[in-house]
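Chemist: Input query34.txt, format and content: compact mmCIF, C-alpha atoms.
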# COMPACT_ATOMS: atom_id res chain seq x y z
CA MET A 1 8.12 -6.53 -58.86
CA ARG A 2 10.66 -4.13 -60.30
CA THR A 3 11.30 -2.58 -56.87
CA ILE A 4 11.90 -5.98 -55.32
CA THR A 5 14.34 -6.86 -58.09
CA GLU A 6 16.19 -3.59 -57.53
CA LEU A 7 16.28 -4.15 -53.77
CA ALA A 8 17.67 -7.65 -54.30
CA LEU A 9 20.31 -6.25 -56.63
CA VAL A 10 21.36 -3.58 -54.12
CA LEU A 11 21.55 -6.15 -51.31
CA THR A 12 23.58 -8.56 -53.45
CA LEU A 13 26.05 -5.89 -54.53
CA SER A 14 26.50 -4.57 -50.96
CA SER A 15 27.02 -8.12 -49.64
CA VAL A 16 29.68 -8.81 -52.27
CA ALA A 17 31.38 -5.51 -51.37
CA ALA A 18 31.29 -6.39 -47.65
CA VAL A 19 32.82 -9.83 -48.18
CA ALA A 20 35.49 -8.39 -50.46
CA THR A 21 36.38 -5.74 -47.86
CA TRP A 22 36.62 -8.43 -45.15
CA LYS A 23 38.92 -10.54 -47.34
CA ILE A 24 41.16 -7.63 -48.33
CA ALA A 25 41.27 -5.51 -45.13
CA GLY A 26 40.62 -8.24 -42.57
CA PRO A 27 38.01 -8.33 -39.79
CA PRO A 28 36.67 -5.05 -38.37
CA ASP A 29 38.76 -3.18 -35.81
CA ARG A 30 36.91 -3.57 -32.51
CA ALA A 31 39.19 -1.19 -30.59
CA VAL A 32 37.30 1.56 -28.77
CA ALA A 33 37.88 4.87 -30.50
CA CYS A 34 39.53 7.40 -28.20
CA ASP A 35 40.69 10.93 -28.93
CA PRO A 36 42.80 12.31 -26.05
CA ALA A 37 41.89 15.86 -27.03
CA ALA A 38 38.19 15.13 -26.62
CA LEU A 39 38.44 13.52 -23.17
CA SER A 40 37.61 15.10 -19.84
CA ALA A 41 40.48 15.72 -17.40
CA ASP A 42 39.46 12.60 -15.45
CA GLU A 43 39.82 10.21 -18.39
CA ILE A 44 42.65 8.58 -20.29
CA CYS A 45 42.88 6.54 -23.51
CA LEU A 46 44.21 2.99 -23.34
CA ALA A 47 46.80 3.85 -26.01
CA THR A 48 48.17 6.62 -23.74
CA VAL A 49 48.39 4.22 -20.79
CA GLN A 50 50.23 1.64 -22.86
CA ALA A 51 52.62 4.17 -24.39
CA GLU A 52 53.34 6.51 -21.49
CA TRP A 53 52.23 5.05 -18.15
CA LYS A 54 54.59 2.37 -16.87
CA ASP A 55 53.95 0.24 -13.75
CA VAL A 56 50.34 1.32 -13.63
CA LEU A 57 48.01 -0.03 -10.95
CA TRP A 58 44.76 -1.24 -12.54
CA ILE A 59 41.64 -0.73 -10.44
CA ASP A 60 38.47 -2.63 -11.32
CA ALA A 61 35.34 -0.66 -10.35
CA ARG A 62 32.80 -3.28 -11.43
CA PRO A 63 30.98 -5.53 -8.96
CA GLU A 64 33.39 -7.93 -7.22
CA ALA A 65 32.07 -11.04 -9.03
CA GLU A 66 32.87 -9.51 -12.42
CA TRP A 67 36.36 -8.51 -11.28
CA LYS A 68 37.08 -12.04 -10.08
CA LYS A 69 35.71 -13.47 -13.32
CA ASP A 70 37.79 -11.53 -15.83
CA GLY A 71 39.60 -8.55 -14.23
CA VAL A 72 42.94 -7.35 -15.55
CA PRO A 73 45.64 -9.63 -14.10
CA GLY A 74 47.22 -7.91 -11.09
CA SER A 75 44.35 -5.45 -10.66
CA ILE A 76 42.73 -4.53 -7.35
CA HIS A 77 39.03 -4.08 -6.69
CA LEU A 78 37.60 -0.75 -5.58
CA THR A 79 34.07 0.40 -6.30
CA THR A 80 31.19 2.55 -5.15
CA VAL A 81 28.55 -0.05 -6.02
CA GLY A 82 27.60 -2.57 -3.35
CA GLY A 83 29.92 -4.13 -0.82
CA GLY A 84 31.46 -2.28 2.10
CA SER A 85 32.32 1.40 2.43
CA PHE A 86 34.89 2.91 0.09
CA GLU A 87 37.37 3.39 2.94
CA GLU A 88 36.97 -0.25 3.97
CA GLN A 89 37.82 -1.39 0.46
CA MET A 90 40.75 1.03 0.33
CA GLU A 91 42.13 -0.46 3.52
CA ALA A 92 41.96 -3.97 2.03
CA SER A 93 44.22 -2.87 -0.86
CA PHE A 94 46.15 -0.19 0.97
CA GLU A 95 49.62 -1.72 0.50
CA ARG A 96 49.13 -1.64 -3.28
CA LEU A 97 47.57 1.83 -3.32
CA GLY A 98 50.24 3.28 -1.06
CA GLN A 99 53.04 2.16 -3.39
CA ALA A 100 51.40 3.16 -6.66
CA GLN A 101 52.47 6.29 -8.48
CA ARG A 102 49.80 5.97 -11.17
CA ALA A 103 46.48 4.16 -11.24
CA VAL A 104 43.86 3.63 -13.94
CA VAL A 105 40.27 2.79 -13.00
CA TYR A 106 37.99 0.91 -15.38
CA CYS A 107 34.37 -0.16 -15.29
CA GLY A 108 31.87 -1.94 -17.49
CA ASP A 109 31.43 0.17 -20.59
CA VAL A 110 31.75 3.60 -22.15
CA GLY A 111 28.99 5.17 -20.07
CA CYS A 112 29.06 3.26 -16.79
CA GLY A 113 30.33 6.24 -14.74
CA VAL A 114 31.53 4.27 -11.71
CA SER A 115 35.20 4.58 -12.71
CA LYS A 116 34.97 8.38 -12.63
CA GLU A 117 33.36 8.20 -9.21
CA VAL A 118 36.20 6.04 -7.93
CA VAL A 119 38.73 8.49 -9.40
CA LYS A 120 37.01 11.38 -7.62
CA ARG A 121 37.00 9.56 -4.29
CA LEU A 122 40.60 8.39 -4.59
CA ARG A 123 41.72 11.95 -5.28
CA GLU A 124 40.09 13.07 -2.03
CA PHE A 125 42.57 10.83 -0.20
CA GLY A 126 45.56 11.82 -2.33
CA ILE A 127 47.28 8.47 -1.82
CA VAL A 128 47.94 7.75 -5.51
CA PRO A 129 49.57 10.83 -7.07
CA GLU A 130 48.00 10.36 -10.49
CA VAL A 131 44.73 8.52 -11.14
CA LYS A 132 42.47 8.48 -14.20
CA ALA A 133 39.41 6.64 -15.53
CA LEU A 134 39.90 4.48 -18.62
CA HIS A 135 37.83 5.62 -21.59
CA GLY A 136 35.90 2.67 -22.98
CA GLY A 137 36.24 0.54 -19.84
CA THR A 138 36.27 -3.22 -20.28
CA ALA A 139 35.37 -2.92 -23.97
CA ALA A 140 38.71 -1.20 -24.61
CA LEU A 141 40.59 -3.71 -22.45
CA GLN A 142 38.86 -6.66 -24.11
CA ALA A 143 39.75 -5.39 -27.59
CA ALA A 144 43.38 -5.01 -26.50
CA GLY A 145 43.48 -8.51 -24.98
CA LEU A 146 44.15 -7.25 -21.45
CA LEU A 147 41.25 -8.90 -19.63
CA LYS A 148 41.62 -12.42 -18.28
CA SER A 149 38.87 -13.57 -20.66
CA SER A 150 40.50 -11.89 -23.67
CA ASN A 151 41.84 -14.21 -26.32
CA MET B 152 14.54 2.84 -57.96
CA LYS B 153 12.81 6.09 -56.89
CA VAL B 154 10.54 4.12 -54.56
CA LEU B 155 13.57 2.47 -53.01
CA ILE B 156 15.41 5.76 -52.48
CA LEU B 157 12.33 7.41 -50.96
CA TRP B 158 11.84 4.43 -48.66
CA CYS B 159 15.49 4.69 -47.47
CA LEU B 160 15.15 8.46 -46.89
CA ALA B 161 11.96 7.95 -44.85
CA LEU B 162 13.71 5.31 -42.73
CA CYS B 163 16.70 7.60 -42.08
CA ALA B 164 14.42 10.49 -41.10
CA SER B 165 12.55 8.37 -38.57
CA LEU B 166 15.82 7.10 -37.05
CA ALA B 167 17.22 10.62 -36.71
CA ALA B 168 14.15 11.99 -34.89
CA ALA B 169 14.38 12.71 -31.15
CA PRO B 170 12.88 9.55 -29.64
CA LEU B 171 11.36 10.53 -26.28
CA THR B 172 11.11 13.87 -24.48
CA PHE B 173 11.79 13.87 -20.75
CA ASP B 174 10.66 16.52 -18.24
CA GLU B 175 14.14 16.43 -16.66
CA MET B 176 17.35 14.72 -17.74
CA THR B 177 19.08 15.14 -14.34
CA LYS B 178 17.51 14.89 -10.91
CA GLU B 179 19.17 16.12 -7.73
CA ILE B 180 18.09 14.31 -4.60
CA GLU B 181 19.10 15.04 -1.01
CA VAL B 182 18.66 12.03 1.25
CA GLY B 183 18.19 11.74 4.99
CA VAL B 184 20.84 10.41 7.36
CA ASP B 185 19.16 7.01 7.68
CA ASP B 186 17.87 6.60 4.12
CA LYS B 187 19.11 3.46 2.43
CA THR B 188 17.32 3.82 -0.91
CA VAL B 189 16.69 6.67 -3.33
CA VAL B 190 13.87 6.58 -5.86
CA ALA B 191 13.96 8.82 -8.92
CA GLU B 192 11.07 9.06 -11.36
CA PHE B 193 11.48 10.43 -14.86
CA ASN B 194 8.35 11.36 -16.83
CA PHE B 195 8.53 11.27 -20.60
CA LYS B 196 6.38 11.70 -23.70
CA ASN B 197 6.67 10.49 -27.26
CA GLU B 198 6.54 13.77 -29.18
CA THR B 199 7.51 12.23 -32.50
CA ASP B 200 5.10 10.97 -35.13
CA GLN B 201 6.52 7.45 -34.90
CA VAL B 202 5.94 4.58 -32.51
CA VAL B 203 8.89 4.31 -30.08
CA GLU B 204 9.84 1.02 -28.48
CA ILE B 205 11.93 0.89 -25.31
CA ALA B 206 14.17 -2.17 -25.11
CA ARG B 207 15.24 -1.69 -21.49
CA ALA B 208 16.28 0.82 -18.84
CA ASP B 209 19.54 0.17 -17.04
CA GLY B 210 21.40 1.80 -14.15
CA GLY B 211 24.71 0.22 -15.12
CA CYS B 212 25.24 -1.40 -11.73
CA THR B 213 23.67 -3.98 -9.44
CA CYS B 214 22.83 -1.19 -6.98
CA ILE B 215 20.18 0.31 -9.31
CA GLU B 216 16.88 -1.27 -10.28
CA ALA B 217 14.84 0.17 -13.11
CA GLY B 218 11.11 -0.12 -13.81
CA ILE B 219 9.05 1.20 -16.71
CA LYS B 220 5.44 2.16 -16.01
CA GLY B 221 3.23 2.14 -19.09
CA GLY B 222 4.77 -0.67 -21.10
CA LEU B 223 7.56 -0.68 -23.65
CA THR B 224 5.73 0.65 -26.74
CA TYR B 225 4.69 4.31 -27.02
CA LYS B 226 2.49 5.71 -29.76
CA PRO B 227 2.84 9.36 -30.82
CA GLY B 228 1.65 11.61 -27.98
CA GLN B 229 1.69 8.84 -25.39
CA SER B 230 3.36 9.41 -21.98
CA GLY B 231 5.17 7.11 -19.61
CA LEU B 232 7.37 6.98 -16.53
CA ILE B 233 10.70 5.34 -15.74
CA ARG B 234 11.54 4.72 -12.09
CA PHE B 235 15.06 4.05 -10.81
CA SER B 236 15.69 2.75 -7.31
CA TYR B 237 19.27 3.20 -6.04
CA GLN B 238 20.64 1.34 -2.98
CA ILE B 239 22.98 3.91 -1.40
CA ALA B 240 24.82 1.47 0.91
CA ASP B 241 27.47 3.25 3.02
CA VAL B 242 28.21 6.03 0.56
CA VAL B 243 28.62 9.54 2.02
CA GLY B 244 28.86 12.78 0.03
CA THR B 245 27.70 13.47 -3.53
CA VAL B 246 27.28 10.57 -5.94
CA GLU B 247 26.32 10.83 -9.61
CA LYS B 248 24.82 7.89 -11.45
CA PRO B 249 24.09 7.67 -15.18
CA LEU B 250 20.86 5.91 -16.10
CA HIS B 251 20.61 4.51 -19.61
CA VAL B 252 17.45 4.01 -21.64
CA PHE B 253 17.97 1.68 -24.59
CA LEU B 254 15.50 1.88 -27.44
CA LYS B 255 14.88 -0.98 -29.83
CA GLY B 256 17.86 -1.22 -32.17
CA ASP B 257 20.38 0.53 -29.86
CA SER B 258 23.79 -1.07 -29.53
CA GLU B 259 24.92 -2.23 -26.08
CA SER B 260 27.44 0.60 -25.81
CA ASN B 261 25.32 3.42 -27.15
CA PRO B 262 21.90 3.98 -25.56
CA SER B 263 19.64 6.59 -27.16
CA ILE B 264 18.96 8.32 -23.84
CA THR B 265 21.16 8.88 -20.80
CA LEU B 266 19.56 10.32 -17.67
CA LYS B 267 21.39 11.17 -14.46
CA ILE B 268 20.74 11.27 -10.73
CA ARG B 269 22.89 13.33 -8.39
CA VAL B 270 22.44 12.06 -4.83
CA LYS B 271 23.64 14.05 -1.84
CA VAL B 272 24.17 12.03 1.33
CA PRO B 273 24.88 14.23 4.38
CA GLU B 274 28.50 14.28 5.57
CA LEU B 275 28.21 14.33 9.35
CA VAL B 276 31.78 13.40 10.24
CA ILE B 277 34.41 15.47 8.45
CA LEU B 278 38.05 14.41 8.57
CA GLU B 279 40.54 16.99 7.39
CA PRO B 280 42.85 15.80 5.91
CA LYS B 281 41.80 12.21 5.20
CA SER B 282 45.39 11.03 4.73
CA LEU B 283 48.77 11.95 6.18
CA PHE B 284 52.03 11.75 4.26
CA TRP B 285 55.74 11.75 5.03
CA ASN B 286 58.65 11.22 2.66
CA VAL B 287 61.30 8.65 3.46
CA GLY B 288 64.18 10.39 5.23
CA GLU B 289 62.32 13.53 6.26
CA GLU B 290 61.91 14.47 9.92
CA ALA B 291 59.30 12.33 11.72
CA THR B 292 57.18 15.28 12.75
CA PRO B 293 53.67 14.90 14.23
CA LYS B 294 50.79 15.67 11.88
CA THR B 295 47.20 16.43 12.83
CA VAL B 296 43.80 15.34 11.52
CA THR B 297 40.83 17.46 12.61
CA ILE B 298 37.54 15.61 13.14
CA THR B 299 34.49 17.85 12.99
CA MET B 300 30.93 16.65 13.66
CA LYS B 301 28.32 18.36 11.49
CA ASP B 302 25.15 16.99 13.09
CA ALA B 303 22.74 18.90 15.33
CA LYS B 304 23.20 16.17 17.93
CA PRO B 305 26.67 15.42 19.35
CA ILE B 306 28.60 12.53 17.78
CA LYS B 307 31.21 11.20 20.20
CA VAL B 308 34.40 9.39 19.25
CA THR B 309 34.24 6.29 21.42
CA SER B 310 37.52 4.60 20.50
CA MET B 311 40.63 4.86 18.39
CA SER B 312 42.66 1.88 17.23
CA GLY B 313 45.72 1.49 15.07
CA ALA B 314 47.39 -1.89 14.87
CA ASP B 315 50.55 -0.62 13.22
CA THR B 316 53.42 0.01 15.65
CA ARG B 317 55.20 2.15 13.05
CA PHE B 318 52.84 5.02 13.91
CA LYS B 319 51.81 6.50 17.25
CA GLN B 320 48.52 8.31 17.52
CA GLU B 321 46.89 10.45 20.16
CA LEU B 322 43.28 11.70 20.30
CA LYS B 323 42.53 15.13 21.75
CA THR B 324 39.01 16.27 22.57
CA ILE B 325 38.52 19.89 21.59
CA GLU B 326 34.75 19.90 22.26
CA GLU B 327 33.06 16.63 23.24
CA GLY B 328 30.71 15.42 20.49
CA LYS B 329 31.67 18.31 18.20
CA LYS B 330 35.38 18.51 17.48
CA TYR B 331 38.47 16.32 17.98
CA GLU B 332 42.08 16.25 16.84
CA MET B 333 44.15 13.18 16.16
CA VAL B 334 47.91 13.65 16.21
CA VAL B 335 49.97 10.99 14.39
CA THR B 336 53.73 10.59 14.64
CA PRO B 337 55.71 7.98 12.72
CA ALA B 338 58.21 6.04 14.82
CA SER B 339 60.67 6.42 11.99
CA THR B 340 60.76 7.63 8.40
CA ASN B 341 63.69 5.43 7.40
CA ASN B 342 61.53 3.09 5.32
CA VAL B 343 58.35 3.05 3.28
CA ALA B 344 55.41 2.34 5.57
CA MET B 345 51.63 2.44 5.54
CA GLY B 346 49.11 2.41 8.35
CA VAL B 347 45.44 2.93 9.07
CA VAL B 348 43.80 4.29 12.22
CA HIS B 349 40.16 3.44 12.95
CA LEU B 350 37.96 5.89 14.81
CA GLU B 351 34.66 4.56 16.14
CA THR B 352 31.78 6.94 16.84
CA ASP B 353 28.52 6.48 18.73
CA HIS B 354 26.36 7.39 15.73
CA PRO B 355 23.54 4.82 15.32
CA SER B 356 23.90 4.64 11.51
CA ARG B 357 26.57 2.27 10.18
CA ARG B 358 27.34 4.89 7.53
CA TYR B 359 28.91 7.22 10.13
CA ARG B 360 30.17 4.76 12.72
CA THR B 361 33.66 3.86 11.53
CA GLN B 362 36.08 6.44 10.18
CA ARG B 363 39.54 5.73 8.80
CA VAL B 364 42.68 7.85 8.59
CA PHE B 365 45.37 6.63 6.18
CA MET B 366 49.08 7.24 6.79
CA VAL B 367 51.84 6.77 4.21
CA ILE B 368 55.60 7.14 4.32
CA LYS B 369 56.65 6.95 0.71
CA ASN B 370 59.64 7.36 -1.51
CA GLN B 371 59.73 10.55 -3.48
CA LEU B 372 61.08 8.59 -6.42
CA LYS B 373 58.93 6.17 -8.34
CA ALA B 374 58.26 3.03 -6.34
CA ALA B 375 59.04 -0.43 -7.64
CA SER B 376 56.12 -2.19 -9.25
CA ALA B 377 53.84 -3.90 -6.81
CA ALA B 378 53.52 -7.64 -6.54
CA VAL B 379 50.78 -9.22 -8.59
CA SER B 380 48.31 -11.25 -6.59
CA LYS B 381 44.65 -11.13 -7.61
CA PRO B 382 42.70 -11.82 -9.68
Produce C-alpha cells that represent the structure in this file.
Modeler:
Amino acid sequence: MRTITELALVLTLSSVAAVATWKIAGPPDRAVACDPAALSADEICLATVQAEWKDVLWIDARPEAEWKKDGVPGSIHLTTVGGGSFEEQMEASFERLGQAQRAVVYCGDVGCGVSKEVVKRLREFGIVPEVKALHGGTAALQAAGLLKSSN
Amino acid sequence: MKVLILWCLALCASLAAAPLTFDEMTKEIEVGVDDKTVVAEFNFKNETDQVVEIARADGGCTCIEAGIKGGLTYKPGQSGLIRFSYQIADVVGTVEKPLHVFLKGDSESNPSITLKIRVKVPELVILEPKSLFWNVGEEATPKTVTITMKDAKPIKVTSMSGADTRFKQELKTIEEGKKYEMVVTPASTNNVAMGVVHLETDHPSRRYRTQRVFMVIKNQLKAASAAVSKP
C-alpha cells in the first residue's frame, strides 16, 4: 500500500512539473536535431540549407504518390524506388536539373536511405554541381513548415 | 521507496539490453541479368534473459516487402528469421537498402535494429561519360561518349535518336556489339541549352535496352531560379 502511495505521489509530482514546463517554456521543439559536424559528406542540415543555400532545387525521393500529396512546393520527383529507370525520371525533369546549381534530396525519415542513393546517382551524371541529402528528411521539413501539408 | 527505485532500475536494465542478435547485419547479394527480385534472409536469436516483442519489420519503401517467420514474440534463447523481398525494377549498379526492425515501444523514427542489403546488378552497358557539358560562349567543339558492352554476348546499338536540333550527334562503330563512340556537337553555345540522346540496344532485358546521354550548355555563373510548377 505504501509503495502504491509513493508511486502515485511521484506520478503526480512529475505530471505537475510537466504541465508547468509546458506552460512556461511552451510546447516541445519538434525540429530534427542536426549537428553539421556529425554528418557524412553526403548530408546537410536544414538550417544550413536555409541559411547558406539560395535558390535550391528540392528533390523528393519518396514514392510519387507521397510527393504529389505533400511534397515541398516547387520540388521535382526523382527516386530509386518503383517507377521507371533513374535516367527516364531525370529526363522528365531535365530542364530543372540542368539549370540548378544546388539541389537537396529528401526522403521519408531519418533512416530511409533513398535520398543518399539519389545523391550518389545524380553525382555520377554531374549535372547539378552540388547535391546533398537532407538529414531528417520529411520530419525536418514538416517541423519547419516546408511541406505542403505543414501548418 | 526502495522497492520503487529497484523496480525502476530493473526496468532500465532490461531496456538497455541488446534486444536480438543477428548472424549478419549486412548482406551482399549479386543478382543475375534477368533477376527482378532479391530475397534476403536474416537469422536472429534472442540472447537476452527477457522476452522480446517485434512490432514490425520495414524496408522503408514500397519496393521492399518484409516477413517475419516465427511470430512476433521471442522468449530467451528462441530463434527466428526475417525475410526481405526487394523489387529491383530497372536499377543497374550497386544499391544499398536499409531494413528497419522495430521492437515494441520503438518510436517511428528510431528502430532498435537496422539491417542492410547491398545489391549488385550487373552493368552491361557502360557509358563514359554519362553527360557532356559546354559553357555558354566557349567553342562548340565535338565531345565523345564511349559505349562499352560488358556482356559475354554482343549487345548491338540498334538506333540513336535525339529530338533536339541544338545538338548534332553521330554514332561510330568501333567493334560491332562491343564498343561504340557517340560524337556530339552543339550547333551553338550562345545560349543555355539542354538535350538528351537515346540509344536503343538489342538486349532482351528492359533494364539494358534504352540508354540516355545528357548534354548541357550552361552558364558558368549561377543560373536564375527555376520556375515553380509541381507539386
Chemist: In terms of the shortest atom-to-atom distance over all atoms listed in the file, which of B:Glu290, B:Asp302, B:Glu326, B:Glu247 is closest to Ala338 of chain B?
Modeler: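 Result for the nearest residue to Ala338 of chain B: B:Glu290.
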Chemist: Could I get the residues of chain A with an atom no further than 7 Å from an atom of chain B, each paired with its nearest atom pair and that distance in Å to one decimal, using all atoms listed in the file, sorted by chain and residue number, as CSV?
Modeler:
residue,atom,partner,partner_atom,distance
A:Thr3,CA,B:Met152,CA,6.4
A:Glu6,CA,B:Met152,CA,6.7
A:Asp55,CA,B:Ser376,CA,5.6
A:Lys68,CA,B:Pro382,CA,5.6
A:Gly71,CA,B:Pro382,CA,6.4
A:Pro73,CA,B:Pro382,CA,5.7
A:Gly74,CA,B:Val379,CA,4.5
A:Ser75,CA,B:Lys381,CA,6.5
A:Ile76,CA,B:Lys381,CA,6.9
A:Val81,CA,B:Cys214,CA,5.9
A:Gly82,CA,B:Cys214,CA,6.2
A:Gly84,CA,B:Asp241,CA,6.9
A:Ser85,CA,B:Asp241,CA,5.2
A:Glu87,CA,B:Arg363,CA,6.7
A:Glu95,CA,B:Met345,CA,6.8
A:Arg96,CA,B:Ala377,CA,6.3
A:Gly98,CA,B:Val367,CA,6.5
A:Gln99,CA,B:Ala374,CA,6.1
A:Ala100,CA,B:Ala374,CA,6.9
A:Gln101,CA,B:Lys373,CA,6.5
A:Asp109,CA,B:Ser260,CA,6.6
A:Val110,CA,B:Ser260,CA,6.4
A:Cys112,CA,B:Gly211,CA,5.6
A:Gly113,CA,B:Pro249,CA,6.4
A:Phe125,CA,B:Lys281,CA,5.6
Chemist: Can you write out the residues you just picked, keeping C-alpha atoms, as a tab-separated table (two decimals), in the frame of the given file?
Modeler:
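Output saved as again_27.tsv:
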chain	number	residue	atom	x	y	z
A	3	THR	CA	11.30	-2.58	-56.87
A	6	GLU	CA	16.19	-3.59	-57.53
A	55	ASP	CA	53.95	0.24	-13.75
A	68	LYS	CA	37.08	-12.04	-10.08
A	71	GLY	CA	39.60	-8.55	-14.23
A	73	PRO	CA	45.64	-9.63	-14.10
A	74	GLY	CA	47.22	-7.91	-11.09
A	75	SER	CA	44.35	-5.45	-10.66
A	76	ILE	CA	42.73	-4.53	-7.35
A	81	VAL	CA	28.55	-0.05	-6.02
A	82	GLY	CA	27.60	-2.57	-3.35
A	84	GLY	CA	31.46	-2.28	2.10
A	85	SER	CA	32.32	1.40	2.43
A	87	GLU	CA	37.37	3.39	2.94
A	95	GLU	CA	49.62	-1.72	0.50
A	96	ARG	CA	49.13	-1.64	-3.28
A	98	GLY	CA	50.24	3.28	-1.06
A	99	GLN	CA	53.04	2.16	-3.39
A	100	ALA	CA	51.40	3.16	-6.66
A	101	GLN	CA	52.47	6.29	-8.48
A	109	ASP	CA	31.43	0.17	-20.59
A	110	VAL	CA	31.75	3.60	-22.15
A	112	CYS	CA	29.06	3.26	-16.79
A	113	GLY	CA	30.33	6.24	-14.74
A	125	PHE	CA	42.57	10.83	-0.20
Chemist: Between B:Val335, B:Asp186, B:Lys330, B:Arg269, single out the one closest to Ser356 of chain B, counting only C-alpha atoms.
Modeler: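 Smallest separation from Ser356 of chain B among the options: B:Asp186.
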Chemist: Just want the 9 Å neighbourhood of segment 32-41 of chain A, counted on all atoms listed in the file, with same-chain residues fewer than 2 positions away dropped. Output as a list in words.
Modeler: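 With the cut-off at 9 Å, the set is Asp29, Arg30, Glu43, Ile44, Cys45, Leu46, Ala47, Thr48, Val110, Lys132, His135, Gly136, Ala139, Ala140, Leu141 and Ala143 of chain A.
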Chemist: Measuring atom to atom with only C-alpha atoms, identify which of B:Thr299, B:Lys319, B:Glu175, B:Glu327 is nearest to Glu274 of chain B.
Modeler: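 The shortest atom-to-atom distance to Glu274 of chain B comes from B:Thr299.
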Chemist: Take every atom of segment 297-313 of chain B listed in the file, pad by 4 Å on each side, and give me the axis-aligned box centre and edge lengths in Å, one decimal, as JSON.
Modeler:
{"center_x": 34.2, "center_y": 10.2, "center_z": 16.5, "size_x": 31.0, "size_y": 25.4, "size_z": 17.9}
Chemist: In Å, rounded to a single decimal, give me how far atom CA of Lys267 of chain B is from atom CA of Arg234 of chain B.
Modeler: 12.0 Å
Chemist: Of the residues B:Thr295, B:Gln320, B:Thr352, B:Thr309, which is the one nearest to Glu332 of chain B, using only C-alpha atoms?
Modeler: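 For Glu332 of chain B, the nearest of the candidates is B:Thr295.
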Chemist: Excluding segment 114-119 of chain A and its own-chain neighbours fewer than 4 positions away, which residues fall within 7 Å of it when counting only C-alpha atoms? Please give them as a VMD selection string.
Modeler: chain A and resid 42 61 79 to 80 105 to 107 123 131 to 133
Chemist: So that I can check the surroundings of segment 193-203 of chain B, please list as an mmCIF file with C-alpha atoms, keeping the file's coordinate frame every protein, DNA and RNA residue that reaches within 12 Å of it, counting only C-alpha atoms and ignoring chain neighbours fewer than 6 positions away.
Modeler:
data_model
loop_
_atom_site.group_PDB
_atom_site.id
_atom_site.type_symbol
_atom_site.label_atom_id
_atom_site.label_comp_id
_atom_site.auth_asym_id
_atom_site.auth_seq_id
_atom_site.Cartn_x
_atom_site.Cartn_y
_atom_site.Cartn_z
ATOM 1 C CA ALA B 161 11.960 7.950 -44.850
ATOM 2 C CA LEU B 162 13.710 5.310 -42.730
ATOM 3 C CA ALA B 164 14.420 10.490 -41.100
ATOM 4 C CA SER B 165 12.550 8.370 -38.570
ATOM 5 C CA LEU B 166 15.820 7.100 -37.050
ATOM 6 C CA ALA B 167 17.220 10.620 -36.710
ATOM 7 C CA ALA B 168 14.150 11.990 -34.890
ATOM 8 C CA ALA B 169 14.380 12.710 -31.150
ATOM 9 C CA PRO B 170 12.880 9.550 -29.640
ATOM 10 C CA LEU B 171 11.360 10.530 -26.280
ATOM 11 C CA THR B 172 11.110 13.870 -24.480
ATOM 12 C CA PHE B 173 11.790 13.870 -20.750
ATOM 13 C CA ASP B 174 10.660 16.520 -18.240
ATOM 14 C CA GLU B 175 14.140 16.430 -16.660
ATOM 15 C CA MET B 176 17.350 14.720 -17.740
ATOM 16 C CA THR B 177 19.080 15.140 -14.340
ATOM 17 C CA LYS B 178 17.510 14.890 -10.910
ATOM 18 C CA GLU B 179 19.170 16.120 -7.730
ATOM 19 C CA ALA B 217 14.840 0.170 -13.110
ATOM 20 C CA GLY B 218 11.110 -0.120 -13.810
ATOM 21 C CA ILE B 219 9.050 1.200 -16.710
ATOM 22 C CA LYS B 220 5.440 2.160 -16.010
ATOM 23 C CA GLY B 221 3.230 2.140 -19.090
ATOM 24 C CA GLY B 222 4.770 -0.670 -21.100
ATOM 25 C CA LEU B 223 7.560 -0.680 -23.650
ATOM 26 C CA THR B 224 5.730 0.650 -26.740
ATOM 27 C CA TYR B 225 4.690 4.310 -27.020
ATOM 28 C CA LYS B 226 2.490 5.710 -29.760
ATOM 29 C CA PRO B 227 2.840 9.360 -30.820
ATOM 30 C CA GLY B 228 1.650 11.610 -27.980
ATOM 31 C CA GLN B 229 1.690 8.840 -25.390
ATOM 32 C CA SER B 230 3.360 9.410 -21.980
ATOM 33 C CA GLY B 231 5.170 7.110 -19.610
ATOM 34 C CA LEU B 232 7.370 6.980 -16.530
ATOM 35 C CA ILE B 233 10.700 5.340 -15.740
ATOM 36 C CA ARG B 234 11.540 4.720 -12.090
ATOM 37 C CA PHE B 235 15.060 4.050 -10.810
ATOM 38 C CA SER B 236 15.690 2.750 -7.310
ATOM 39 C CA LEU B 250 20.860 5.910 -16.100
ATOM 40 C CA HIS B 251 20.610 4.510 -19.610
ATOM 41 C CA VAL B 252 17.450 4.010 -21.640
ATOM 42 C CA PHE B 253 17.970 1.680 -24.590
ATOM 43 C CA LEU B 254 15.500 1.880 -27.440
ATOM 44 C CA LYS B 255 14.880 -0.980 -29.830
ATOM 45 C CA GLY B 256 17.860 -1.220 -32.170
ATOM 46 C CA SER B 263 19.640 6.590 -27.160
ATOM 47 C CA ILE B 264 18.960 8.320 -23.840
ATOM 48 C CA THR B 265 21.160 8.880 -20.800
ATOM 49 C CA LEU B 266 19.560 10.320 -17.670
ATOM 50 C CA LYS B 267 21.390 11.170 -14.460
ATOM 51 C CA ILE B 268 20.740 11.270 -10.730
#
Chemist: Interatomic distance between atom CA of Lys304 of chain B and atom CA of Gly328 of chain B?
Modeler: 8.0 Å
Chemist: How far is it from atom CA of Pro273 of chain B to atom CA of Val184 of chain B, in Å with one decimal?
Modeler: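 Atom-to-atom, atom CA of Pro273 of chain B and atom CA of Val184 of chain B are spaced 6.3 Å apart.
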Chemist: Check the smallest atom-to-atom distance from each of A:Lys120, A:Val72, A:His77, A:Trp53 to Ala144 of chain A using all atoms listed in the file, then report the winner.
Modeler: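 Ranked by minimum distance to Ala144 of chain A, first place goes to A:Val72.
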